[in-house]
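Beneath this line is the structure, given in structure tokens, with notes to follow.
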Amino acid sequence: CASTFCVDGACCGTQSCGDGMFCNSGTCGPPSDPGTPCTSAEQCNTGFCVDLTCCTTITCTAGKRCDIPGSEGVCTATSGNGTPCTDPGQCTSGFCTDGVCCVAEACPIGQVCTAPNGQCALPPTRTPTATATPTLTLTTTPTMTPTPQPTGAMCADPRQCQSGNCVNNTCCSTGPCPTPQRCDILGSEGSCTLPIGPGGECRKDTDCTTGNCDPSTNSCGAVKTPTPTVTPTPKAPGSSCTSSNQCPDGYTCSSDERVCCNLPAGSTTCPTGESCKVEGSLGDCTLKPTATPTPTPLIPIGSPCDPNNPDACETGFCVNSVCCDSNSDTCPDPTTRCDVYGFEGSCAPPLLEGDECQKNTDCEDPLLCTLDQTSSTGARCLPPPAPTPTFPPFTPRPTEPGVQVVTSQGGGCSIGQGPDGAQVWVLSIVPIALWLRRRQLHRVRSAVHRGHE
């Protein structure tokens, strides 16, 4: 399809049609009239789709079809050989060659399929007639005028016949035939003749007195039993519809929802806020149910959260941007955090040197979360790199009593063995001892916390 939309078996201008609407006619609309192509019965306002055509009856009897060109929508008998045609579907043989139902799909070169028998034969001779245009001095190109046909040949106008009579599409020896005679009876084409009785050879229904030419035997059969007219079953309340005559008594096809509905008198729609499509009350105007809002699930403990919206957490507390079980907006122990790696959701002390981490706040100060390929997280708590020492320029000063300053070859100095030398060394050891003591206390506190968990 040029539109790229194929809807209901037809190229359509829109991607889909609304409820009760179909595009088998080429545009979205209600079920179509007989003769419109279809793929299902609901596309037809008669409720019948026969031979892929909306039909007036539920089915066609043997030898008839509902898609014969010129009679689309009505079950029409296929024609015997020699009958004029425009489509192979009109012919019992299945071949429409040179404008007539033919015994062959194509005739040999130089031949055409002719009436009345539908056989391939040489075409009739045409006599050229030259005519001149009065305003011109030159003779115009001759036009081909067909030779009038003999009695029994196919025709569409009396001027095509030598006899001047075209009866039942056949050149006839006389004018109109008296009822019930016809001029196209098989074997008597061109003469007014009574139809053939049961058992006689035939090619079309009009050859027979019974009006039934059995295509399987090409003989006149018994009178056909007329197909009973089937009245479509009314649709159930709440079903889609295009007109009220499709609905049960007392129901109307609503103009907005297009369903069979028990509408208030004089109204074409349900009152505001009501619908005929409410499950459990189909076909009756019923209040539309109010959709129940779906509650937002609470964030589980240990998951990230917004400190400005702690109620979103299962615990009701968001500490260090993590849903926490602290029962408070902060951790009771200010030295602990609720987002420490491996302990998310519970207040825990920072991690020690060598522990795996994800961020700097996971680590005990002054440790930093440093890249480490041996860690599953890709980092560990490690001491910060030692700063590069800087030395002030050397300024000599007067030597104090008891202190001997010796300058080395590299530019440094050393403290001698005077009475104050030992005190200087003690003072340099004190910071190291304090750091070791603080680290020991932190390990004990972490071990106690993990034991409680």
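In the structure tokens, the first chain shown is A, the next is B, and so on; residue numbers restart at 1 for each chain, and ligands run from 1 in the order shown.
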Mind checking which residues fall within 9 Å of Val319 of chain A, counting only C-alpha atoms, ignoring those fewer than 5 positions away in the same chain, and posting them as a PyMOL selection string?
chain A and resi 305+307+310+324-326+328-331+337-339+345+347
Let me see the file: selected residues, C-alpha atoms, as a PDB file, in the first residue's frame.
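And here is the file that came out, out11.pdb:
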```pdb
ATOM      1  CA  CYS A 305      17.047   7.764  49.435  1.00  0.00           C
ATOM      2  CA  PRO A 307      17.076  13.039  52.899  1.00  0.00           C
ATOM      3  CA  PRO A 310      12.510  10.099  54.641  1.00  0.00           C
ATOM      4  CA  CYS A 324      18.530   3.458  57.830  1.00  0.00           C
ATOM      5  CA  ASP A 325      17.361   1.475  60.876  1.00  0.00           C
ATOM      6  CA  SER A 326      18.714   4.089  63.266  1.00  0.00           C
ATOM      7  CA  SER A 328      16.404   8.636  64.242  1.00  0.00           C
ATOM      8  CA  ASP A 329      17.302  11.233  61.643  1.00  0.00           C
ATOM      9  CA  THR A 330      20.965  10.679  62.555  1.00  0.00           C
ATOM     10  CA  CYS A 331      23.125   7.865  63.912  1.00  0.00           C
ATOM     11  CA  ARG A 337      27.549   6.351  59.547  1.00  0.00           C
ATOM     12  CA  CYS A 338      24.637   4.541  57.833  1.00  0.00           C
ATOM     13  CA  ASP A 339      26.248   4.372  54.376  1.00  0.00           C
ATOM     14  CA  GLY A 345      21.278   0.557  56.417  1.00  0.00           C
ATOM     15  CA  CYS A 347      24.989   2.789  61.769  1.00  0.00           C
TER      16      CYS A 347
END
```
Env of Thr46 of chain A: 10 Å cut, atoms = only C-alpha atoms, seq-sep filter 4 positions within chain, self excluded. Answer as a PyMOL selection string.
chain A and resi 31-34+41-42+54-58+230-232
Just the residues within 9 Å of Leu52 of chain A, please, counting only C-alpha atoms, with nothing from its chain fewer than 2 positions along; format it as a list in words.
Thr36, Pro37, Cys38, Thr39, Ser40, Cys49, Val50, Cys54, Cys55, Cys66 and Asp67 of chain A
Would you write out those residues with N, CA and C atoms, as a PDB file, in the first residue's frame?
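Full text of again25.pdb as output:
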```pdb
ATOM      1  N   THR A  36     -19.158  -4.909  -1.997  1.00  0.00           N
ATOM      2  CA  THR A  36     -17.864  -4.394  -1.536  1.00  0.00           C
ATOM      3  C   THR A  36     -16.961  -5.562  -1.155  1.00  0.00           C
ATOM      4  N   PRO A  37     -15.685  -5.529  -1.526  1.00  0.00           N
ATOM      5  CA  PRO A  37     -14.770  -6.608  -1.112  1.00  0.00           C
ATOM      6  C   PRO A  37     -14.737  -6.731   0.409  1.00  0.00           C
ATOM      7  N   CYS A  38     -14.534  -7.949   0.910  1.00  0.00           N
ATOM      8  CA  CYS A  38     -14.531  -8.170   2.354  1.00  0.00           C
ATOM      9  C   CYS A  38     -13.647  -9.368   2.681  1.00  0.00           C
ATOM     10  N   THR A  39     -13.277  -9.454   3.961  1.00  0.00           N
ATOM     11  CA  THR A  39     -12.558 -10.621   4.474  1.00  0.00           C
ATOM     12  C   THR A  39     -13.290 -11.276   5.621  1.00  0.00           C
ATOM     13  N   SER A  40     -14.313 -10.609   6.169  1.00  0.00           N
ATOM     14  CA  SER A  40     -15.104 -11.187   7.250  1.00  0.00           C
ATOM     15  C   SER A  40     -16.521 -10.628   7.178  1.00  0.00           C
ATOM     16  N   CYS A  49     -20.390 -12.408   4.030  1.00  0.00           N
ATOM     17  CA  CYS A  49     -19.222 -12.218   3.162  1.00  0.00           C
ATOM     18  C   CYS A  49     -19.029 -13.513   2.387  1.00  0.00           C
ATOM     19  N   VAL A  50     -19.385 -13.492   1.089  1.00  0.00           N
ATOM     20  CA  VAL A  50     -19.355 -14.685   0.235  1.00  0.00           C
ATOM     21  C   VAL A  50     -18.416 -14.405  -0.946  1.00  0.00           C
ATOM     22  N   CYS A  54     -19.141  -8.677  -0.036  1.00  0.00           N
ATOM     23  CA  CYS A  54     -20.351  -8.504   0.766  1.00  0.00           C
ATOM     24  C   CYS A  54     -21.548  -8.917  -0.085  1.00  0.00           C
ATOM     25  N   CYS A  55     -22.328  -9.875   0.415  1.00  0.00           N
ATOM     26  CA  CYS A  55     -23.374 -10.521  -0.387  1.00  0.00           C
ATOM     27  C   CYS A  55     -24.735 -10.362   0.278  1.00  0.00           C
ATOM     28  N   CYS A  66     -20.853 -14.784  -5.861  1.00  0.00           N
ATOM     29  CA  CYS A  66     -21.294 -13.444  -5.468  1.00  0.00           C
ATOM     30  C   CYS A  66     -20.293 -12.372  -5.886  1.00  0.00           C
ATOM     31  N   ASP A  67     -19.234 -12.771  -6.610  1.00  0.00           N
ATOM     32  CA  ASP A  67     -18.214 -11.802  -7.007  1.00  0.00           C
ATOM     33  C   ASP A  67     -18.099 -11.655  -8.519  1.00  0.00           C
TER      34      ASP A  67
END
```
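For the pair atom CA of Lys359 of chain A and atom CA of Asp311 of chain A, the separation is 26.0 Å.
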For Ile68 of chain A, please output as a PyMOL selection string all residues within 8 Å (counting only C-alpha atoms; exclusion window: fewer than 5 positions along the same chain).
chain A and resi 76+78+87+89-90
Counting only C-alpha atoms, the residue among A:Gly20, A:Pro289, A:Pro248, A:Gly316 that lies closest to Ile301 of chain A is A:Gly316
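Coordinates place atom CA of Met21 of chain A at a distance of 18.4 Å from atom CA of Ser3 of chain A.
Comparing the minimum interatomic distances between Asn45 of chain A and each of A:Cys75, A:Thr315, A:Ser243, A:Asn309, counting only C-alpha atoms, we find that A:Ser243 sits nearest.
Using only C-alpha atoms, the shortest contact distance between Thr296 of chain A and any of A:Ala153, A:Ala312, A:Gly29, A:Ser375 is found at A:Ala312.
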Determine, for each residue of segment 186-282 of chain A having at least one atom at most 10 Å from an atom of segment 116-122 of chain A, the closest pair of atoms and their separation in Å to one decimal, counting only C-alpha atoms; order by chain and ascending number, as a Markdown table.
```
| residue | atom | partner | partner_atom | distance |
| --- | --- | --- | --- | --- |
| A:Leu186 | CA | A:Pro116 | CA | 8.8 |
| A:Gly187 | CA | A:Pro116 | CA | 9.4 |
| A:Glu189 | CA | A:Pro116 | CA | 7.5 |
| A:Gly190 | CA | A:Pro116 | CA | 9.7 |
| A:Arg203 | CA | A:Asn117 | CA | 9.6 |
```
Just want the 9 Å neighbourhood of Ser275 of chain A, counted on only C-alpha atoms, with same-chain residues fewer than 4 positions away dropped. Output as an mmCIF file with C-alpha atoms, in the first residue's frame.
```
data_model
loop_
_atom_site.group_PDB
_atom_site.id
_atom_site.type_symbol
_atom_site.label_atom_id
_atom_site.label_comp_id
_atom_site.auth_asym_id
_atom_site.auth_seq_id
_atom_site.Cartn_x
_atom_site.Cartn_y
_atom_site.Cartn_z
ATOM 1 C CA GLU A 257 -19.540 4.448 22.116
ATOM 2 C CA THR A 269 -25.720 8.695 24.721
ATOM 3 C CA CYS A 270 -25.431 7.748 28.388
ATOM 4 C CA PRO A 271 -25.540 10.547 30.995
ATOM 5 C CA LEU A 282 -22.664 -4.274 29.483
ATOM 6 C CA GLY A 283 -25.530 -2.625 27.637
ATOM 7 C CA ASP A 284 -26.731 -0.524 30.595
ATOM 8 C CA CYS A 285 -25.673 3.019 31.426
ATOM 9 C CA THR A 286 -23.478 2.571 34.520
ATOM 10 C CA LEU A 287 -21.148 4.884 36.408
ATOM 11 C CA LYS A 288 -17.592 4.517 35.182
#
```
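Looking only at segment 50-190 of chain A, the set that DSSP places in strand (DSSP E) from backbone geometry is Val50, Thr53, Cys54, Lys64, Arg65, Thr76, Ala77, Cys96, Thr97, Val100, Cys101, Val112, Cys113, Thr114, Gln119, Cys120, Ala121, Thr127, Pro128, Thr129, Thr143, Met144, Thr145, Cys166, Val167, Thr170 and Cys171 of chain A.
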Helix (DSSP H, G or I) residues, from DSSP on the backbone, in segment 150-367 of chain A, as a PyMOL selection string:
chain A and resi 158-160+205-207+244-246+310-312+360-362
Store the residues of this selection in a file with N, CA, C and O atoms, as a CSV table (one decimal), in the first residue's frame.
```
chain,number,residue,atom,x,y,z
A,158,PRO,N,-29.1,-4.3,-32.3
A,158,PRO,CA,-29.7,-4.9,-33.5
A,158,PRO,C,-28.8,-4.5,-34.8
A,158,PRO,O,-28.8,-5.3,-35.7
A,159,ARG,N,-28.1,-3.4,-34.7
A,159,ARG,CA,-27.3,-3.0,-35.9
A,159,ARG,C,-26.2,-4.0,-36.2
A,159,ARG,O,-25.6,-3.9,-37.2
A,160,GLN,N,-25.8,-4.8,-35.2
A,160,GLN,CA,-24.8,-5.7,-35.4
A,160,GLN,C,-25.2,-7.0,-36.1
A,160,GLN,O,-24.4,-7.9,-36.4
A,205,ASP,N,-28.2,-21.5,-17.1
A,205,ASP,CA,-29.5,-21.7,-16.5
A,205,ASP,C,-30.6,-21.4,-17.4
A,205,ASP,O,-31.7,-22.0,-17.3
A,206,THR,N,-30.5,-20.3,-18.2
A,206,THR,CA,-31.6,-19.9,-19.0
A,206,THR,C,-31.9,-20.9,-20.2
A,206,THR,O,-33.0,-20.8,-20.8
A,207,ASP,N,-31.0,-21.9,-20.3
A,207,ASP,CA,-31.3,-22.9,-21.3
A,207,ASP,C,-32.4,-23.9,-20.8
A,207,ASP,O,-33.0,-24.6,-21.6
A,244,SER,N,-29.0,1.0,15.0
A,244,SER,CA,-29.9,0.4,16.0
A,244,SER,C,-30.6,-0.9,15.6
A,244,SER,O,-31.0,-1.7,16.4
A,245,ASN,N,-30.8,-1.1,14.2
A,245,ASN,CA,-31.5,-2.3,13.8
A,245,ASN,C,-30.6,-3.5,14.0
A,245,ASN,O,-31.1,-4.6,13.8
A,246,GLN,N,-29.4,-3.4,14.4
A,246,GLN,CA,-28.5,-4.5,14.8
A,246,GLN,C,-28.7,-4.9,16.2
A,246,GLN,O,-28.1,-5.9,16.7
A,310,PRO,N,12.2,11.3,53.9
A,310,PRO,CA,12.5,10.1,54.6
A,310,PRO,C,11.3,9.2,54.7
A,310,PRO,O,11.5,8.0,54.9
A,311,ASP,N,10.1,9.7,54.5
A,311,ASP,CA,8.9,8.8,54.6
A,311,ASP,C,8.9,7.8,53.4
A,311,ASP,O,8.1,6.9,53.4
A,312,ALA,N,9.7,8.0,52.4
A,312,ALA,CA,9.7,7.1,51.3
A,312,ALA,C,10.4,5.8,51.7
A,312,ALA,O,10.4,4.8,51.0
A,360,ASN,N,35.4,7.6,50.0
A,360,ASN,CA,36.3,8.1,51.1
A,360,ASN,C,35.6,8.0,52.4
A,360,ASN,O,36.3,7.7,53.4
A,361,THR,N,34.3,8.4,52.5
A,361,THR,CA,33.6,8.4,53.8
A,361,THR,C,33.5,7.0,54.4
A,361,THR,O,33.1,6.8,55.5
A,362,ASP,N,33.8,5.9,53.6
A,362,ASP,CA,33.7,4.6,54.1
A,362,ASP,C,34.9,4.3,55.1
A,362,ASP,O,34.9,3.4,55.9
```
Work out how far apart atom CA of Thr210 of chain A and atom CA of Cys166 of chain A are and give it in Å to one decimal.
24.3 Å
Within 10 Å of segment 13-15 of chain A, counting only C-alpha atoms, which residues show up once you throw out same-chain ones fewer than 2 positions away? Write them as an NGL selection string, please.
:A and (1-7 or 10-11 or 17 or 23 or 26-28)
